file query.csv (CSV, C-alpha atoms)
chain,number,residue,atom,x,y,z
H,1088,MET,CA,110.6,92.8,99.6
H,1089,ARG,CA,111.6,89.9,101.8
H,1090,ASN,CA,110.6,88.6,105.2
H,1091,THR,CA,113.5,88.2,107.6
H,1092,THR,CA,114.5,88.3,111.2
H,1093,PRO,CA,117.0,90.4,113.3
H,1094,ALA,CA,119.1,87.3,113.8
H,1095,ASP,CA,119.4,86.7,110.0
H,1096,LEU,CA,120.2,90.3,109.4
H,1097,ALA,CA,122.9,90.2,112.0
H,1098,VAL,CA,124.5,87.2,110.4
H,1099,GLU,CA,124.5,89.1,107.1
H,1100,LEU,CA,126.2,92.1,108.6
H,1101,ALA,CA,128.8,89.9,110.3
H,1102,ARG,CA,129.7,88.4,107.0
H,1103,LEU,CA,129.9,91.9,105.4
H,1104,LEU,CA,132.1,93.1,108.2
H,1105,GLU,CA,134.7,90.5,107.3
H,1106,LEU,CA,135.1,92.4,104.0
H,1107,VAL,CA,135.5,95.8,105.6
H,1108,PRO,CA,139.1,97.1,106.2
H,1109,HIS,CA,140.0,97.1,109.9
H,1110,ASP,CA,140.2,100.9,110.0
H,1111,ARG,CA,136.7,101.4,108.8
H,1112,ARG,CA,133.2,100.9,110.2
H,1113,LEU,CA,130.3,99.1,108.5
H,1114,LEU,CA,127.5,101.7,108.2
H,1115,VAL,CA,123.9,100.7,108.0
H,1116,GLY,CA,121.1,103.2,107.2
H,1117,ILE,CA,117.6,102.1,108.3
H,1118,SER,CA,114.6,104.1,107.1
H,1119,GLY,CA,110.8,103.6,106.8
H,1120,ILE,CA,107.6,105.5,107.4
H,1121,PRO,CA,106.7,106.7,110.9
H,1122,GLY,CA,105.7,103.7,113.0
H,1123,ALA,CA,107.4,101.2,110.8
H,1124,GLY,CA,109.6,99.8,113.5
H,1125,LYS,CA,113.0,101.2,112.6
H,1126,SER,CA,114.3,101.7,116.2
H,1127,THR,CA,113.0,98.3,117.3
H,1128,LEU,CA,114.8,96.6,114.4
H,1129,ALA,CA,118.0,98.5,115.0
H,1130,HIS,CA,118.2,97.6,118.6
H,1131,ALA,CA,117.2,93.9,117.9
H,1132,VAL,CA,120.0,93.6,115.3
H,1133,ALA,CA,122.5,95.2,117.7
H,1134,ALA,CA,121.6,92.7,120.4
H,1135,GLU,CA,122.0,89.8,117.9
H,1136,LEU,CA,125.4,91.1,116.9
H,1137,ALA,CA,126.4,91.3,120.5
H,1138,LYS,CA,125.7,87.6,120.8
H,1139,CYS,CA,128.3,87.1,118.1
H,1140,GLY,CA,130.8,89.2,119.9
H,1141,ILE,CA,130.5,92.1,117.6
H,1142,LYS,CA,130.1,95.6,119.1
H,1143,ALA,CA,127.5,97.7,117.4
H,1144,ALA,CA,126.1,101.2,118.1
H,1145,VAL,CA,122.6,102.4,117.4
H,1146,VAL,CA,122.0,106.0,116.6
H,1147,GLY,CA,118.5,107.4,116.1
H,1148,MET,CA,118.0,110.3,113.8
H,1149,ASP,CA,115.6,112.0,116.3
H,1150,GLY,CA,118.6,113.6,117.9
H,1151,TRP,CA,118.8,115.9,114.9
H,1152,HIS,CA,115.3,117.4,115.5
H,1153,TYR,CA,115.5,121.2,115.7
H,1154,SER,CA,114.7,122.1,119.3
H,1155,ARG,CA,111.4,123.7,120.2
H,1156,ALA,CA,113.3,127.0,120.8
H,1157,GLN,CA,114.7,126.8,117.3
H,1158,LEU,CA,111.3,126.1,115.8
H,1159,ASP,CA,110.1,129.3,117.5
H,1160,THR,CA,112.5,131.2,115.3
H,1161,PHE,CA,111.0,129.8,112.0
H,1162,ALA,CA,109.0,132.2,109.7
H,1163,ASP,CA,105.8,130.3,110.8
H,1164,PRO,CA,106.5,128.9,114.2
H,1165,ALA,CA,103.0,127.5,114.6
H,1166,HIS,CA,103.3,125.6,111.3
H,1167,ALA,CA,106.8,124.3,112.3
H,1168,HIS,CA,105.6,122.9,115.6
H,1169,ALA,CA,102.5,121.4,114.0
H,1170,ARG,CA,104.6,119.7,111.4
H,1171,ARG,CA,107.4,118.6,113.7
H,1172,GLY,CA,108.8,115.4,112.3
H,1173,ALA,CA,108.7,116.6,108.7
H,1174,ALA,CA,112.1,116.8,107.0
H,1175,PHE,CA,112.3,120.6,107.3
H,1176,THR,CA,112.2,120.3,111.1
H,1177,PHE,CA,115.4,118.4,111.2
H,1178,ASP,CA,119.0,119.8,110.9
H,1179,ALA,CA,119.9,117.9,107.7
H,1180,ASP,CA,123.3,119.5,107.3
H,1181,ALA,CA,124.4,118.5,110.8
H,1182,PHE,CA,123.2,114.9,110.2
H,1183,VAL,CA,125.1,114.7,106.9
H,1184,ALA,CA,128.2,116.0,108.6
H,1185,PHE,CA,127.9,113.3,111.3
H,1186,VAL,CA,127.5,110.5,108.7
H,1187,THR,CA,130.5,111.9,106.8
H,1188,ALA,CA,132.6,111.8,109.9
H,1189,LEU,CA,131.5,108.1,110.5
H,1190,ARG,CA,132.7,107.3,107.0
H,1191,LYS,CA,136.3,108.5,107.6
H,1192,PRO,CA,138.9,105.8,108.3
H,1193,GLY,CA,140.4,105.4,111.7
H,1194,TRP,CA,139.0,104.7,115.2
H,1195,HIS,CA,138.2,108.3,116.0
H,1196,ARG,CA,135.8,109.0,118.9
H,1197,LEU,CA,132.5,110.6,117.8
H,1198,THR,CA,129.4,111.7,119.7
H,1199,ALA,CA,125.8,111.9,118.5
H,1200,PRO,CA,122.7,113.6,120.0
H,1201,SER,CA,119.7,111.6,121.3
H,1202,PHE,CA,116.2,112.8,121.9
H,1203,SER,CA,114.4,113.2,125.2
H,1204,HIS,CA,110.7,112.4,124.8
H,1205,ALA,CA,110.1,113.7,128.3
H,1206,ASP,CA,111.6,117.1,127.4
H,1207,LYS,CA,110.6,116.8,123.8
H,1208,ASP,CA,114.0,118.1,122.7
H,1209,PRO,CA,117.4,116.8,121.6
H,1210,ILE,CA,120.2,116.0,124.0
H,1211,ALA,CA,123.6,117.0,122.6
H,1212,ASP,CA,126.5,114.4,122.7
H,1213,ALA,CA,124.4,111.8,124.5
H,1214,ILE,CA,125.7,108.9,122.4
H,1215,GLU,CA,129.4,108.0,122.3
H,1216,ILE,CA,131.0,106.0,119.5
H,1217,THR,CA,134.4,104.6,120.0
H,1218,ASP,CA,135.5,101.1,118.9
H,1219,GLU,CA,132.1,99.8,117.6
H,1220,ARG,CA,132.6,98.2,114.2
H,1221,ILE,CA,129.0,98.4,113.0
H,1222,ILE,CA,126.9,101.5,113.3
H,1223,LEU,CA,123.2,101.2,112.8
H,1224,VAL,CA,121.6,104.6,112.1
H,1225,GLU,CA,117.8,104.6,112.0
H,1226,GLY,CA,115.4,107.4,111.1
H,1227,LEU,CA,112.8,108.7,108.7
H,1228,TYR,CA,115.2,110.4,106.3
H,1229,CYS,CA,118.3,108.2,106.4
H,1230,ASN,CA,117.7,107.0,102.8
H,1231,LEU,CA,116.3,109.9,100.8
H,1232,SER,CA,117.2,110.7,97.2
H,1233,VAL,CA,116.7,114.5,97.7
H,1234,PRO,CA,119.4,116.9,98.8
H,1235,PRO,CA,121.0,117.3,101.2
H,1236,TRP,CA,119.8,114.0,102.6
H,1237,ASN,CA,121.1,112.0,99.6
H,1238,GLN,CA,124.6,112.8,100.7
H,1239,ALA,CA,124.1,110.6,103.7
H,1240,ALA,CA,122.3,107.9,101.8
H,1241,GLU,CA,125.2,107.5,99.5
H,1242,LEU,CA,127.6,106.8,102.3
H,1243,TRP,CA,125.9,103.7,103.8
H,1244,ASP,CA,127.3,100.3,103.2
H,1245,VAL,CA,123.8,98.8,103.7
H,1246,ARG,CA,120.5,100.5,103.2
H,1247,TRP,CA,117.3,99.0,104.6
H,1248,LEU,CA,113.7,100.2,104.2
H,1249,VAL,CA,111.5,98.7,106.9
H,1250,SER,CA,108.1,97.9,105.4
H,1251,THR,CA,104.8,97.8,107.2
H,1252,THR,CA,101.2,98.6,106.4
H,1253,LYS,CA,99.8,102.1,107.0
H,1254,GLU,CA,97.2,100.6,109.3
H,1255,THR,CA,99.8,99.0,111.5
H,1256,ALA,CA,101.9,102.2,111.5
H,1257,ARG,CA,98.9,104.3,112.4
H,1258,GLU,CA,97.9,102.2,115.4
H,1259,ARG,CA,101.5,102.3,116.7
H,1260,LEU,CA,101.7,106.1,116.2
H,1261,ILE,CA,98.4,106.7,118.1
H,1262,SER,CA,99.7,104.7,121.0
H,1263,ARG,CA,103.1,106.3,120.9
H,1264,HIS,CA,101.8,109.9,120.8
H,1265,VAL,CA,99.5,109.3,123.8
H,1266,ALA,CA,102.1,107.5,125.8
H,1267,SER,CA,104.8,110.1,125.2
H,1268,GLY,CA,102.5,113.0,126.0
H,1269,ILE,CA,102.8,114.5,122.5
H,1270,THR,CA,99.0,114.5,122.4
H,1271,ASN,CA,96.4,114.4,125.2
H,1272,ASN,CA,94.2,111.6,123.9
H,1273,ALA,CA,93.8,109.1,121.2
H,1274,HIS,CA,91.6,111.4,119.1
H,1275,GLU,CA,94.3,114.1,119.0
H,1276,ALA,CA,96.9,111.4,118.3
H,1277,ALA,CA,94.9,110.1,115.3
H,1278,GLU,CA,94.6,113.6,113.9
H,1279,ARG,CA,98.4,114.0,114.2
H,1280,ALA,CA,99.1,110.7,112.6
H,1281,ASP,CA,96.7,111.4,109.7
H,1282,GLY,CA,97.7,115.0,109.3
H,1283,ASN,CA,101.5,114.8,109.8
H,1284,ASP,CA,103.1,111.4,110.2
H,1285,LEU,CA,101.5,109.4,107.5
H,1286,PRO,CA,101.8,112.2,104.8
H,1287,ASN,CA,105.5,112.3,105.8
H,1288,GLY,CA,105.6,108.6,105.2
H,1289,ASP,CA,104.1,109.0,101.7
H,1290,TRP,CA,106.8,111.6,100.9
H,1291,ILE,CA,109.6,109.3,102.2
H,1292,LEU,CA,108.4,106.4,100.0
H,1293,ALA,CA,108.2,108.6,97.0
H,1294,ASN,CA,111.7,109.9,97.5
H,1295,THR,CA,113.6,106.8,98.7
H,1296,TYR,CA,117.2,106.4,97.5
H,1297,GLU,CA,117.8,103.4,95.3
H,1298,PRO,CA,119.1,100.8,95.4
H,1299,ILE,CA,117.7,99.8,98.8
H,1300,GLU,CA,116.6,96.5,100.4
H,1301,ARG,CA,113.0,96.4,101.5
H,1302,ILE,CA,112.5,94.2,104.5
H,1303,ALA,CA,109.5,93.0,106.5
H,1304,LEU,CA,109.6,91.5,109.9
call {"tool": "encode", "arguments": {"input": "query.csv", "output": "structure tokens"}}
result
Amino acid sequence: MRNTTPADLAVELARLLELVPHDRRLLVGISGIPGAGKSTLAHAVAAELAKCGIKAAVVGMDGWHYSRAQLDTFADPAHAHARRGAAFTFDADAFVAFVTALRKPGWHRLTAPSFSHADKDPIADAIEITDERIILVEGLYCNLSVPPWNQAAELWDVRWLVSTTKETARERLISRHVASGITNNAHEAAERADGNDLPNGDWILANTYEPIERIAL
């Protein structure tokens, strides 16, 4: 593991981009446990790249959540809703298809879903990718060794695992759950973090695709 900054990571990506054929994108997969700071890092690196005149797009994996209506069709809907955020509550095949499309040469236009925390559901085609040279994709399961997720992990040019302590992640998760309305209060948020998010994080760390660069900010 190494300590670094978004500015240093942006410089590294800019150098790598020089080696990439002009009809290809540089793809970066950013993973970590819930509350690690994946989204914060991705947007910070994109901002640093912009300072260098390099266009980058940030895509969050949350857009591939199954909708609440889809979770209602699961064999055990109550369990699916309670465990929302676990790997089985994401459309893994659709995510892999998106990354596969990113990997194809040529400046083809692509769209990706985003996630509305207000509505608690994905928004189709909310993100447009056109001439961005670097694509930063962040999410819990971007770098997994288990199928079908491994098919996406194999396609990244760069793989980062954002490291943080469980204590820090837990504090962030409690604050996030209350602020977003996922839970009504800090007690419920702590129960969700301990019963769902942090166990998901343990599973992610146990099934991380290698090789991967572990970074701390």
call {"tool": "closest_residue", "arguments": {"input": "query.csv", "among": "H:Ala1129, H:Pro1108, H:Asp1159, H:Arg1257", "to": "H:Ala1273", "atoms": "all atoms listed in the file"}}
result
H:Arg1257
call {"tool": "residues_near_point", "arguments": {"input": "query.csv", "point": "(101.4, 116.2, 106.7)", "cutoff": "12 Å", "atoms": "all atoms listed in the file", "output": "PyMOL selection string"}}
result
chain H and resi 1121+1166-1175+1278-1291
call {"tool": "closest_residue", "arguments": {"input": "query.csv", "among": "H:Ile1302, H:Leu1242, H:Cys1229, H:Ala1156", "to": "H:Pro1093", "atoms": "only C-alpha atoms"}}
result
H:Ile1302
call {"tool": "atom_distance", "arguments": {"input": "query.csv", "atom1": "atom CA of H:Tyr1153", "atom2": "atom CA of H:Pro1209"}}
result
7.6 Å
call {"tool": "closest_residue", "arguments": {"input": "query.csv", "among": "H:Pro1234, H:Phe1202, H:Val1115, H:Gly1140", "to": "H:Ile1299", "atoms": "only C-alpha atoms"}}
result
H:Val1115
call {"tool": "residues_near_point", "arguments": {"input": "query.csv", "point": "(131.7, 89.9, 108.0)", "cutoff": "12 Å", "atoms": "all atoms listed in the file", "output": "MDAnalysis selection string"}}
result
chainID H and resid 1096:1109 1112:1113 1136 1139:1141 1220:1221
call {"tool": "write_last_selection", "arguments": {"input": "query.csv", "atoms": "C-alpha atoms", "output": "JSON list (two decimals), in the coordinates of the input"}}
result
[["chain", "number", "residue", "atom", "x", "y", "z"],
["H", 1096, "LEU", "CA", 120.20, 90.30, 109.40],
["H", 1097, "ALA", "CA", 122.90, 90.20, 112.00],
["H", 1098, "VAL", "CA", 124.50, 87.20, 110.40],
["H", 1099, "GLU", "CA", 124.50, 89.10, 107.10],
["H", 1100, "LEU", "CA", 126.20, 92.10, 108.60],
["H", 1101, "ALA", "CA", 128.80, 89.90, 110.30],
["H", 1102, "ARG", "CA", 129.70, 88.40, 107.00],
["H", 1103, "LEU", "CA", 129.90, 91.90, 105.40],
["H", 1104, "LEU", "CA", 132.10, 93.10, 108.20],
["H", 1105, "GLU", "CA", 134.70, 90.50, 107.30],
["H", 1106, "LEU", "CA", 135.10, 92.40, 104.00],
["H", 1107, "VAL", "CA", 135.50, 95.80, 105.60],
["H", 1108, "PRO", "CA", 139.10, 97.10, 106.20],
["H", 1109, "HIS", "CA", 140.00, 97.10, 109.90],
["H", 1112, "ARG", "CA", 133.20, 100.90, 110.20],
["H", 1113, "LEU", "CA", 130.30, 99.10, 108.50],
["H", 1136, "LEU", "CA", 125.40, 91.10, 116.90],
["H", 1139, "CYS", "CA", 128.30, 87.10, 118.10],
["H", 1140, "GLY", "CA", 130.80, 89.20, 119.90],
["H", 1141, "ILE", "CA", 130.50, 92.10, 117.60],
["H", 1220, "ARG", "CA", 132.60, 98.20, 114.20],
["H", 1221, "ILE", "CA", 129.00, 98.40, 113.00]]
call {"tool": "residues_around", "arguments": {"input": "query.csv", "residues": "H:Thr1251", "least_positions_apart": "5", "cutoff": "8 Å", "atoms": "only C-alpha atoms", "output": "PyMOL selection string"}}
result
chain H and resi 1123+1256+1303
call {"tool": "closest_residue", "arguments": {"input": "query.csv", "among": "H:Phe1177, H:Val1146, H:Asp1206, H:Ala1293", "to": "H:Leu1158", "atoms": "all atoms listed in the file"}}
result
H:Phe1177
call {"tool": "atom_distance", "arguments": {"input": "query.csv", "atom1": "atom CA of H:Glu1297", "atom2": "atom CA of H:Val1132"}}
result
22.4 Å
call {"tool": "residues_around", "arguments": {"input": "query.csv", "residues": "H:Ser1118", "least_positions_apart": "2", "cutoff": "6 Å", "atoms": "all atoms listed in the file", "output": "VMD selection string"}}
result
chain H and resid 1225 to 1227 1229 1248
call {"tool": "closest_residue", "arguments": {"input": "query.csv", "among": "H:Arg1196, H:Ala1094, H:Thr1255, H:Ser1203", "to": "H:Glu1215", "atoms": "all atoms listed in the file"}}
result
H:Arg1196
